[in-house]
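Novice: As input, take structure-v4.txt (compact mmCIF, C-alpha atoms):
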# COMPACT_ATOMS: atom_id res chain seq x y z
CA MET A 1 -6.00 16.52 14.02
CA ILE A 2 -8.33 18.43 11.70
CA VAL A 3 -5.23 19.76 9.96
CA LEU A 4 -3.92 16.21 9.58
CA ALA A 5 -7.24 14.89 8.24
CA ALA A 6 -7.59 17.80 5.80
CA GLY A 7 -3.94 17.54 4.75
CA SER A 8 -3.97 13.84 4.08
CA TYR A 9 -7.25 14.10 2.15
CA ALA A 10 -5.88 17.04 0.16
CA LEU A 11 -2.83 14.97 -0.83
CA LYS A 12 -5.06 12.13 -2.02
CA VAL A 13 -7.35 14.47 -4.01
CA LEU A 14 -4.35 16.25 -5.50
CA GLY A 15 -3.13 12.88 -6.75
CA VAL A 16 -6.31 11.86 -8.53
CA THR A 17 -7.00 15.31 -9.99
CA THR A 18 -4.44 17.97 -10.89
CA LEU A 19 -1.21 16.11 -10.21
CA GLY A 20 -2.64 13.00 -11.86
CA SER A 21 -3.49 14.69 -15.13
CA VAL A 22 -0.32 16.77 -15.24
CA VAL A 23 1.89 13.75 -14.59
CA GLU A 24 -0.03 11.75 -17.16
CA ARG A 25 0.20 14.43 -19.85
CA ARG A 26 3.82 15.36 -19.30
CA LEU A 27 5.30 12.11 -18.07
CA GLY A 28 2.96 9.43 -19.46
CA PRO A 29 5.40 6.51 -19.76
CA LEU A 30 6.64 7.20 -16.26
CA VAL A 31 3.29 6.46 -14.64
CA SER A 32 3.33 2.74 -15.46
CA LEU A 33 6.62 2.42 -13.57
CA LEU A 34 5.46 4.31 -10.47
CA PRO A 35 3.74 1.36 -8.74
CA VAL A 36 6.87 -0.78 -9.12
CA VAL A 37 9.18 1.75 -7.51
CA LEU A 38 6.76 2.82 -4.77
CA PHE A 39 5.87 -0.72 -3.75
CA SER A 40 9.45 -2.01 -3.98
CA ALA A 41 10.55 0.78 -1.64
CA LEU A 42 7.56 0.18 0.63
CA ILE A 43 8.36 -3.54 0.90
CA VAL A 44 12.00 -2.84 1.78
CA VAL A 45 11.04 -0.29 4.42
CA MET A 46 8.35 -2.52 5.95
CA THR A 47 10.69 -5.51 5.99
CA PHE A 48 13.92 -4.03 7.31
CA GLU A 49 13.07 -0.80 9.13
CA THR A 50 12.52 -0.50 12.87
CA ALA A 51 12.53 2.96 14.45
CA GLY A 52 14.65 4.49 11.68
CA GLU A 53 17.29 1.74 11.68
CA LEU A 54 17.85 -1.19 9.33
CA VAL A 55 17.42 -4.50 11.13
CA LEU A 56 17.49 -8.11 9.97
CA ASP A 57 15.12 -10.18 12.10
CA ALA A 58 12.45 -12.89 12.03
CA ARG A 59 10.20 -10.59 10.02
CA ALA A 60 12.64 -10.54 7.09
CA VAL A 61 12.79 -14.36 7.08
CA GLY A 62 8.98 -14.51 7.10
CA VAL A 63 8.74 -12.06 4.19
CA GLY A 64 11.32 -14.16 2.32
CA VAL A 65 9.17 -17.26 2.77
CA GLY A 66 6.14 -15.24 1.66
CA ALA A 67 8.03 -14.16 -1.47
CA LEU A 68 8.88 -17.82 -2.14
CA ALA A 69 5.15 -18.61 -1.92
CA VAL A 70 4.43 -15.78 -4.39
CA TRP A 71 7.01 -17.21 -6.76
CA ARG A 72 5.32 -20.64 -6.48
CA LYS A 73 2.06 -18.84 -7.42
CA ALA A 74 0.34 -19.52 -4.10
CA PRO A 75 -2.94 -17.67 -3.36
CA LEU A 76 -2.66 -14.44 -1.34
CA LEU A 77 -4.09 -16.03 1.83
CA VAL A 78 -1.40 -18.74 1.72
CA VAL A 79 1.31 -16.12 1.16
CA VAL A 80 0.13 -14.12 4.17
CA LEU A 81 -0.23 -17.14 6.45
CA ALA A 82 3.20 -18.49 5.42
CA ALA A 83 4.90 -15.15 6.16
CA MET A 84 3.10 -14.75 9.49
CA SER A 85 3.57 -18.29 10.77
CA VAL A 86 7.29 -18.43 9.91
CA THR A 87 7.86 -15.07 11.64
CA ALA A 88 5.79 -16.04 14.69
CA CYS A 89 7.49 -19.45 15.05
CA LEU A 90 10.97 -17.91 14.73
CA ARG A 91 10.10 -15.39 17.46
CA LEU A 92 8.85 -18.21 19.63
CA VAL A 93 12.14 -20.13 19.49
CA THR A 94 14.56 -17.20 19.64
CA MET B 1 -21.83 -11.35 -16.27
CA ASP B 2 -20.26 -14.53 -17.63
CA PRO B 3 -19.43 -17.38 -15.23
CA ALA B 4 -15.69 -16.99 -15.82
CA GLY B 5 -15.97 -13.29 -14.91
CA ASP B 6 -17.98 -14.11 -11.80
CA ASP B 7 -15.35 -16.59 -10.75
CA ALA B 8 -12.54 -14.10 -11.30
CA ARG B 9 -14.43 -11.50 -9.30
CA ARG B 10 -14.98 -13.90 -6.40
CA ARG B 11 -11.28 -14.72 -6.29
CA ARG B 12 -10.33 -11.06 -6.57
CA ARG B 13 -12.66 -10.02 -3.75
CA ARG B 14 -11.45 -12.84 -1.53
CA ASP B 15 -7.91 -11.46 -1.90
CA CYS B 16 -9.21 -7.95 -1.11
CA LEU B 17 -10.80 -9.29 2.07
CA VAL B 18 -7.55 -10.94 3.18
CA VAL B 19 -5.86 -7.55 2.93
CA SER B 20 -8.70 -5.74 4.72
CA LEU B 21 -8.84 -8.21 7.60
CA ALA B 22 -5.08 -7.97 8.13
CA VAL B 23 -5.41 -4.17 8.19
CA GLY B 24 -8.24 -4.55 10.72
CA VAL B 25 -5.87 -6.30 13.12
CA ILE B 26 -3.35 -3.48 12.67
CA GLY B 27 -6.26 -1.13 13.42
CA VAL B 28 -6.59 -2.84 16.80
CA THR B 29 -2.93 -2.11 17.53
CA PHE B 30 -3.42 1.46 16.45
CA GLY B 31 -6.31 1.78 18.91
CA VAL B 32 -4.24 0.29 21.74
CA PHE B 33 -1.25 2.48 20.89
CA ALA B 34 -3.28 5.70 20.63
CA GLU B 35 -5.15 4.95 23.84
CA ALA B 36 -1.87 4.36 25.67
CA ALA B 37 -0.55 7.67 24.28
CA GLY B 38 -3.44 9.48 25.94
CA PHE B 39 -5.90 9.86 23.06
CA ASP B 40 -9.54 9.46 24.08
CA LEU B 41 -11.97 7.18 22.28
CA PRO B 42 -13.79 9.80 20.14
CA ARG B 43 -10.51 11.27 18.93
CA ILE B 44 -9.18 7.82 17.99
CA VAL B 45 -12.33 6.93 16.07
CA VAL B 46 -12.52 10.27 14.25
CA MET B 47 -8.84 10.05 13.35
CA SER B 48 -9.14 6.56 11.86
CA ALA B 49 -12.28 7.49 9.93
CA LEU B 50 -11.05 10.80 8.53
CA VAL B 51 -7.26 10.60 8.28
CA PHE B 52 -7.43 6.99 7.08
CA THR B 53 -3.72 6.49 6.39
CA GLY B 54 -2.31 3.94 8.79
CA ALA B 55 1.38 4.81 8.75
CA SER B 56 0.64 8.53 9.17
CA GLN B 57 -1.67 7.90 12.10
CA PHE B 58 0.95 5.80 13.88
CA ALA B 59 3.55 8.51 13.21
CA ALA B 60 1.35 11.33 14.51
CA VAL B 61 0.41 9.48 17.69
CA GLY B 62 4.04 8.41 18.17
CA VAL B 63 5.31 11.99 18.02
CA ILE B 64 2.68 13.15 20.54
CA ASP B 65 3.53 10.18 22.77
CA ASP B 66 7.21 11.16 22.71
CA GLY B 67 6.26 14.65 23.88
CA GLY B 68 6.48 16.27 20.43
CA THR B 69 4.35 19.26 19.39
CA GLY B 70 1.15 19.04 17.37
CA GLY B 71 2.96 20.70 14.48
CA ALA B 72 5.72 18.09 14.49
CA ALA B 73 3.11 15.32 14.62
CA VAL B 74 1.24 16.71 11.61
CA GLY B 75 4.52 17.31 9.74
CA SER B 76 5.84 13.78 10.06
CA ALA B 77 2.42 12.30 9.35
CA LEU B 78 1.94 14.35 6.18
CA LEU B 79 5.43 13.41 5.00
CA LEU B 80 4.33 9.77 5.16
CA ALA B 81 1.03 10.62 3.48
CA THR B 82 2.74 12.33 0.54
CA ARG B 83 3.07 9.03 -1.29
CA ASN B 84 -0.73 8.88 -1.51
CA ALA B 85 -0.51 11.83 -3.90
CA LEU B 86 1.82 9.75 -6.08
CA TYR B 87 -0.68 6.88 -6.08
CA GLY B 88 -3.21 9.25 -7.69
CA PRO B 89 -1.70 9.20 -11.19
CA VAL B 90 -1.36 5.42 -10.88
CA VAL B 91 -4.99 4.58 -10.02
CA ARG B 92 -6.63 7.52 -11.79
CA LYS B 93 -7.67 5.57 -14.89
CA SER B 94 -9.39 2.93 -12.77
CA LEU B 95 -11.49 5.52 -10.91
CA PRO B 96 -14.91 6.83 -12.02
CA ASP B 97 -14.91 9.82 -14.36
CA SER B 98 -17.50 12.03 -12.67
CA THR B 99 -16.33 14.45 -10.00
CA LEU B 100 -18.26 13.43 -6.87
CA PRO B 101 -17.56 9.67 -6.97
CA ARG B 102 -13.95 10.51 -7.78
CA LEU B 103 -13.63 12.81 -4.76
CA GLY B 104 -15.17 10.07 -2.61
CA ALA B 105 -12.80 7.48 -4.04
CA ALA B 106 -9.85 9.80 -3.35
CA HIS B 107 -10.30 9.25 0.39
CA LEU B 108 -9.63 5.54 -0.22
CA VAL B 109 -6.36 6.09 -2.13
CA ILE B 110 -3.80 4.35 0.10
CA ASP B 111 -1.06 1.70 -0.23
CA GLU B 112 -3.38 -1.29 -0.12
CA THR B 113 -6.15 -0.10 -2.45
CA THR B 114 -3.65 1.14 -5.03
CA ALA B 115 -1.74 -2.13 -4.95
CA MET B 116 -4.91 -4.21 -5.30
CA ALA B 117 -6.11 -2.05 -8.22
CA VAL B 118 -2.88 -2.11 -10.22
CA ALA B 119 -2.46 -5.87 -9.72
CA GLN B 120 -5.57 -6.42 -11.90
CA PRO B 121 -5.42 -7.05 -15.65
CA ASP B 122 -7.73 -4.18 -16.71
CA HIS B 123 -9.22 -0.92 -15.37
CA ARG B 124 -12.68 -2.42 -14.87
CA SER B 125 -11.47 -5.12 -12.49
CA GLY B 126 -9.00 -2.55 -11.13
CA TRP B 127 -11.91 -0.35 -10.05
CA ASP B 128 -13.73 -3.36 -8.58
CA ALA B 129 -10.65 -4.31 -6.54
CA PHE B 130 -10.09 -0.67 -5.57
CA TRP B 131 -13.53 0.10 -4.16
CA PHE B 132 -14.09 -3.33 -2.63
CA THR B 133 -10.74 -3.19 -0.82
CA GLY B 134 -11.31 0.46 0.07
CA VAL B 135 -14.74 0.01 1.63
CA THR B 136 -14.01 -3.25 3.50
CA LEU B 137 -10.62 -1.94 4.62
CA TRP B 138 -12.15 1.31 5.91
CA ILE B 139 -14.69 -0.69 7.92
CA CYS B 140 -12.06 -3.12 9.27
CA TRP B 141 -9.58 -0.33 10.10
CA ASN B 142 -12.23 1.63 12.03
CA LEU B 143 -13.72 -1.37 13.83
CA GLY B 144 -10.17 -2.42 14.70
CA SER B 145 -9.25 1.04 16.03
CA LEU B 146 -12.45 1.14 18.06
CA ALA B 147 -11.83 -2.33 19.53
CA GLY B 148 -8.22 -1.50 20.34
CA ALA B 149 -9.14 1.80 21.98
CA ALA B 150 -11.92 0.17 24.01
CA LEU B 151 -10.12 -3.00 25.04
CA GLY B 152 -6.73 -1.37 25.50
CA ALA B 153 -3.73 -3.42 26.48
CA VAL B 154 -5.77 -6.59 27.06
CA LEU B 155 -4.72 -7.65 23.56
CA SER B 156 -1.22 -8.92 22.97
CA THR B 157 1.09 -7.30 20.43
CA PRO B 158 0.63 -8.24 16.75
CA GLU B 159 4.36 -8.97 16.51
CA THR B 160 3.74 -12.17 18.45
CA TRP B 161 1.59 -13.35 15.55
CA GLY B 162 4.06 -12.24 12.90
CA LEU B 163 1.58 -9.72 11.52
CA ASP B 164 4.36 -7.25 10.74
CA ALA B 165 5.58 -9.75 8.10
CA ALA B 166 2.10 -10.03 6.54
CA PHE B 167 2.13 -6.58 4.92
CA PRO B 168 5.45 -6.70 3.09
CA ALA B 169 4.44 -10.21 1.90
CA ILE B 170 1.10 -8.87 0.59
CA PHE B 171 2.89 -6.15 -1.37
CA VAL B 172 5.38 -8.68 -2.76
CA ALA B 173 2.40 -10.66 -4.07
CA LEU B 174 0.84 -7.56 -5.61
CA LEU B 175 4.16 -6.42 -7.07
CA ALA B 176 4.82 -9.74 -8.81
CA THR B 177 2.89 -8.92 -12.01
CA HIS B 178 5.00 -5.80 -12.50
CA LEU B 179 8.26 -7.73 -12.50
CA ARG B 180 7.60 -9.47 -15.83
CA THR B 181 9.38 -6.82 -17.89
CA PRO B 182 13.11 -5.97 -17.75
CA ALA B 183 12.22 -2.33 -17.04
CA GLY B 184 10.01 -3.42 -14.12
CA ARG B 185 12.79 -5.53 -12.62
CA VAL B 186 15.35 -2.74 -12.97
CA ALA B 187 12.93 -0.24 -11.39
CA SER B 188 12.25 -2.62 -8.51
CA ILE B 189 15.88 -3.38 -7.70
CA ILE B 190 17.05 0.23 -7.89
CA ALA B 191 14.07 1.51 -5.87
CA ALA B 192 14.72 -1.10 -3.18
CA ALA B 193 18.41 -0.12 -3.05
CA ILE B 194 17.60 3.60 -2.78
CA ALA B 195 15.08 2.97 0.02
CA LEU B 196 17.54 0.74 1.90
CA GLY B 197 20.25 3.39 1.69
CA ALA B 198 17.89 6.19 2.72
CA VAL B 199 16.28 4.54 5.77
CA PRO B 200 19.10 5.24 8.28
CA VAL B 201 19.72 8.82 7.10
CA THR B 202 16.30 10.32 6.32
CA ALA B 203 12.97 10.89 8.12
CA ALA B 204 10.21 8.29 7.91
CA GLY B 205 8.39 8.49 4.59
CA VAL B 206 11.29 10.05 2.69
CA PRO B 207 12.93 6.76 1.53
CA ILE B 208 9.80 5.83 -0.43
CA LEU B 209 9.61 9.26 -2.08
CA LEU B 210 13.32 9.19 -3.00
CA ALA B 211 12.87 5.78 -4.62
CA VAL B 212 10.78 7.43 -7.37
CA VAL B 213 14.10 8.39 -9.01
CA ALA B 214 14.39 4.72 -9.99
CA VAL B 215 11.88 5.26 -12.81
CA LEU B 216 14.58 7.07 -14.82
CA PRO B 217 16.99 4.15 -15.32
CA ALA B 218 13.95 1.92 -15.84
CA LEU B 219 12.63 4.23 -18.58
CA TYR B 220 16.04 4.01 -20.25
CA VAL B 221 15.95 0.21 -20.07
CA ARG B 222 12.46 0.15 -21.56
CA HIS B 223 13.51 2.49 -24.33
CA ARG B 224 16.70 0.59 -25.10
CA TRP B 225 15.35 -2.94 -24.83
CA PRO B 226 11.63 -2.73 -25.57
CA SER B 227 9.71 -5.67 -24.23
CA ASP B 228 6.81 -7.33 -26.03
CA ARG B 229 5.50 -8.72 -22.75
CA GLU B 230 2.17 -7.24 -21.80
CA GLU B 231 2.41 -4.68 -19.03
CA PRO B 232 -0.07 -4.74 -16.16
CA LEU B 233 -2.28 -1.81 -15.21
CA GLY B 234 -0.76 1.62 -15.15
CA GLY B 235 0.81 0.94 -18.53
CA GLU B 236 -0.53 2.39 -21.77
CA SER B 237 -1.69 -1.07 -22.82
CA GLY B 238 -4.31 -1.33 -20.05
CA ALA B 239 -7.84 -1.85 -21.41
CA GLN B 240 -10.33 0.95 -20.92
CA PRO B 241 -13.34 0.29 -18.68
Write the structure described by the file as structure tokens, please.
Specialist:
Amino acid sequence: MIVLAAGSYALKVLGVTTLGSVVERRLGPLVSLLPVVLFSALIVVMTFETAGELVLDARAVGVGVGALAVWRKAPLLVVVLAAMSVTACLRLVT
Amino acid sequence: MDPAGDDARRRRRRDCLVVSLAVGVIGVTFGVFAEAAGFDLPRIVVMSALVFTGASQFAAVGVIDDGGTGGAAVGSALLLATRNALYGPVVRKSLPDSTLPRLGAAHLVIDETTAMAVAQPDHRSGWDAFWFTGVTLWICWNLGSLAGAALGAVLSTPETWGLDAAFPAIFVALLATHLRTPAGRVASIIAAAIALGAVPVTAAGVPILLAVVAVLPALYVRHRWPSDREEPLGGESGAQP
């Protein structure tokens, strides 16, 4: 566990120090696109992945409704509650 | 501080708290899960405080629970934690310049804090969102882990409440500002496609790292069809603190 704690902290420090400045100097324009790709991938994985498999379930419907709320410019709390309640209700009836 | 700025900060911090509280509930599940896998209370608390990377902690405990070795647990957890190194270049400009505060802030570089920081219009509010989310989230995550470990299976699963849909929805909300430019939209769609394709065939954590390739076609799009729309944080146009 000490190895894990040290390793994960080292990765974070590496990012904000050496790797950060190297990436910025060499690949400046790339950095502004990093959040988009990382978060898009993260969303897809969190929405459709269960134990290494792709699944389409109530969660995906809830996230879809949450995305609709984002598009309608709803506040974050509303987005979260919409996604959660739709998912929970769907699970209740299925 | 002007009233408009105060108001913006209040709204920003309220959003940060929503994220932190949701993470706190996940912390409870982590505590329950780790306790059921045979981890004792001190180990669970120390892990949440020091490792502080939710997905990696779940992975490590899961491997141990399945009878895997300590090495395998650390390996799969660090693979998931590798994306935190990629968040570094993204949030770097919003972090303090001096070494010690920066090394402290590094511990808080995770999915949620990075997303909250880059969703802000400038580096100053980015830093405010970063540290406020980081500190409240760290407290919530640890209190949650502690509660879960102590109360054990008394609590029902978060799936019943649809909490697993809350996180992707939060990141959709934080991603929205980045989709204003054609390059941003291209990057998003291609990254999502790469991750989808990679999930069934690669280890956990790898799909997100592979998706980084999507910046290349997006760079081409930006170069070919430059956009005059203002880019959010992370772009060269971000205001200095």
Novice: Which of these residues is nearest to Ala69 of chain A, using only C-alpha atoms: A:Leu56, A:Ala83, A:Leu27, A:Met1?
Specialist: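 Checking each candidate against Ala69 of chain A, we get A:Ala83 as the closest.
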Novice: So, counting only C-alpha atoms, which residue among B:Ala81, B:Val201, B:Ile26, B:Met47 is closest to Ala5 of chain A?
Specialist: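 The shortest atom-to-atom distance to Ala5 of chain A comes from B:Met47.
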Novice: In the coordinates of the file, take the point (-7.9, 15.3, 1.8) and a cut-off of 9 Å; then, counting only C-alpha atoms, name each qualifying protein, DNA or RNA residue as a compact mmCIF listing (two decimals) with C-alpha atoms, in the coordinates of the input.
Specialist:
# COMPACT_ATOMS: atom_id res chain seq x y z
CA LEU A 4 -3.92 16.21 9.58
CA ALA A 5 -7.24 14.89 8.24
CA ALA A 6 -7.59 17.80 5.80
CA GLY A 7 -3.94 17.54 4.75
CA SER A 8 -3.97 13.84 4.08
CA TYR A 9 -7.25 14.10 2.15
CA ALA A 10 -5.88 17.04 0.16
CA LEU A 11 -2.83 14.97 -0.83
CA LYS A 12 -5.06 12.13 -2.02
CA VAL A 13 -7.35 14.47 -4.01
CA LEU A 14 -4.35 16.25 -5.50
CA LEU B 50 -11.05 10.80 8.53
CA VAL B 51 -7.26 10.60 8.28
CA ALA B 106 -9.85 9.80 -3.35
CA HIS B 107 -10.30 9.25 0.39
Novice: How far is it from atom CA of Arg185 of chain B to atom CA of Val199 of chain B, in Å with one decimal?
Specialist: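 Pair atom CA of Arg185 of chain B / atom CA of Val199 of chain B returns 21.3 Å.
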Novice: Write out as a short mmCIF file (atom, residue, chain, number, x, y, z; two decimals) with C-alpha atoms, in the coordinates of the input which residues come within 12 Å of Leu90 of chain A when counting all atoms listed in the file, dropping same-chain ones fewer than 3 positions away.
Specialist:
data_model
loop_
_atom_site.label_atom_id
_atom_site.label_comp_id
_atom_site.auth_asym_id
_atom_site.auth_seq_id
_atom_site.Cartn_x
_atom_site.Cartn_y
_atom_site.Cartn_z
CA ASP A 57 15.12 -10.18 12.10
CA ALA A 58 12.45 -12.89 12.03
CA ARG A 59 10.20 -10.59 10.02
CA ALA A 60 12.64 -10.54 7.09
CA VAL A 61 12.79 -14.36 7.08
CA GLY A 62 8.98 -14.51 7.10
CA ALA A 83 4.90 -15.15 6.16
CA MET A 84 3.10 -14.75 9.49
CA SER A 85 3.57 -18.29 10.77
CA VAL A 86 7.29 -18.43 9.91
CA THR A 87 7.86 -15.07 11.64
CA VAL A 93 12.14 -20.13 19.49
CA THR A 94 14.56 -17.20 19.64
CA GLU B 159 4.36 -8.97 16.51
CA THR B 160 3.74 -12.17 18.45
CA TRP B 161 1.59 -13.35 15.55
CA GLY B 162 4.06 -12.24 12.90
CA ALA B 165 5.58 -9.75 8.10
#
Novice: Which is closest to chain A among B:Trp138, B:Tyr87, B:Phe132, B:Phe33, if we use only C-alpha atoms?
Specialist: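 Of the candidates, the smallest distance to chain A is held by B:Tyr87.
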Novice: In Å, how far is it from atom CA of Gly144 of chain B to atom CA of Val32 of chain B?
Specialist: 9.6 Å
Novice: Using all atoms listed in the file, can you tell me which of B:Gly104, B:Pro200, B:Gly126, B:Pro158 comes closest to chain A?
Specialist: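 Of B:Gly104, B:Pro200, B:Gly126, B:Pro158, the one nearest chain A is B:Pro200, counting all atoms listed in the file.
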Novice: Around (9.8, -10.3, 1.8) in the file's own coordinates, what residues are found within 10 Å if you use all atoms listed in the file, given back as a PDB file with C-alpha atoms, in the frame of the given file?
Specialist:
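Output file out27.pdb follows:
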ATOM      1  CA  ILE A  43       8.360  -3.540   0.900  1.00  0.00           C
ATOM      2  CA  VAL A  44      12.000  -2.840   1.780  1.00  0.00           C
ATOM      3  CA  MET A  46       8.350  -2.520   5.950  1.00  0.00           C
ATOM      4  CA  THR A  47      10.690  -5.510   5.990  1.00  0.00           C
ATOM      5  CA  PHE A  48      13.920  -4.030   7.310  1.00  0.00           C
ATOM      6  CA  ARG A  59      10.200 -10.590  10.020  1.00  0.00           C
ATOM      7  CA  ALA A  60      12.640 -10.540   7.090  1.00  0.00           C
ATOM      8  CA  VAL A  61      12.790 -14.360   7.080  1.00  0.00           C
ATOM      9  CA  GLY A  62       8.980 -14.510   7.100  1.00  0.00           C
ATOM     10  CA  VAL A  63       8.740 -12.060   4.190  1.00  0.00           C
ATOM     11  CA  GLY A  64      11.320 -14.160   2.320  1.00  0.00           C
ATOM     12  CA  VAL A  65       9.170 -17.260   2.770  1.00  0.00           C
ATOM     13  CA  GLY A  66       6.140 -15.240   1.660  1.00  0.00           C
ATOM     14  CA  ALA A  67       8.030 -14.160  -1.470  1.00  0.00           C
ATOM     15  CA  LEU A  68       8.880 -17.820  -2.140  1.00  0.00           C
ATOM     16  CA  VAL A  70       4.430 -15.780  -4.390  1.00  0.00           C
ATOM     17  CA  ALA A  83       4.900 -15.150   6.160  1.00  0.00           C
TER      18      ALA A  83
ATOM     19  CA  ALA B 165       5.580  -9.750   8.100  1.00  0.00           C
ATOM     20  CA  ALA B 166       2.100 -10.030   6.540  1.00  0.00           C
ATOM     21  CA  PHE B 167       2.130  -6.580   4.920  1.00  0.00           C
ATOM     22  CA  PRO B 168       5.450  -6.700   3.090  1.00  0.00           C
ATOM     23  CA  ALA B 169       4.440 -10.210   1.900  1.00  0.00           C
ATOM     24  CA  ILE B 170       1.100  -8.870   0.590  1.00  0.00           C
ATOM     25  CA  PHE B 171       2.890  -6.150  -1.370  1.00  0.00           C
ATOM     26  CA  VAL B 172       5.380  -8.680  -2.760  1.00  0.00           C
ATOM     27  CA  ALA B 173       2.400 -10.660  -4.070  1.00  0.00           C
TER      28      ALA B 173
END
Novice: Give me, as a PyMOL selection string, all polymer residues having an atom no more than 12 Å from Val215 of chain B, counting all atoms listed in the file and skipping those fewer than 5 positions away in the same chain.
Specialist: (chain A and resi 27-38+40) or (chain B and resi 183-192+194+209-210+220-223)
Novice: Quick one: of B:Val61, B:Val206, B:Ala198, B:Val23, who's nearest to Thr82 of chain B, counting only C-alpha atoms?
Specialist: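 With only C-alpha atoms as the atom set, the closest residue is B:Val206.
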Novice: Have a look at atom CA of Val78 of chain A and atom CA of Asp164 of chain B and let me know their distance in Å, one decimal.
Specialist: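 Going from atom CA of Val78 of chain A over to atom CA of Asp164 of chain B covers 15.7 Å.
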Novice: Using all atoms listed in the file for the distances, tell me which of A:Pro75, A:Leu54, A:Arg91, A:Ala82 is nearest to Asp15 of chain B.
Specialist: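 Checking each candidate against Asp15 of chain B, we get A:Pro75 as the closest.
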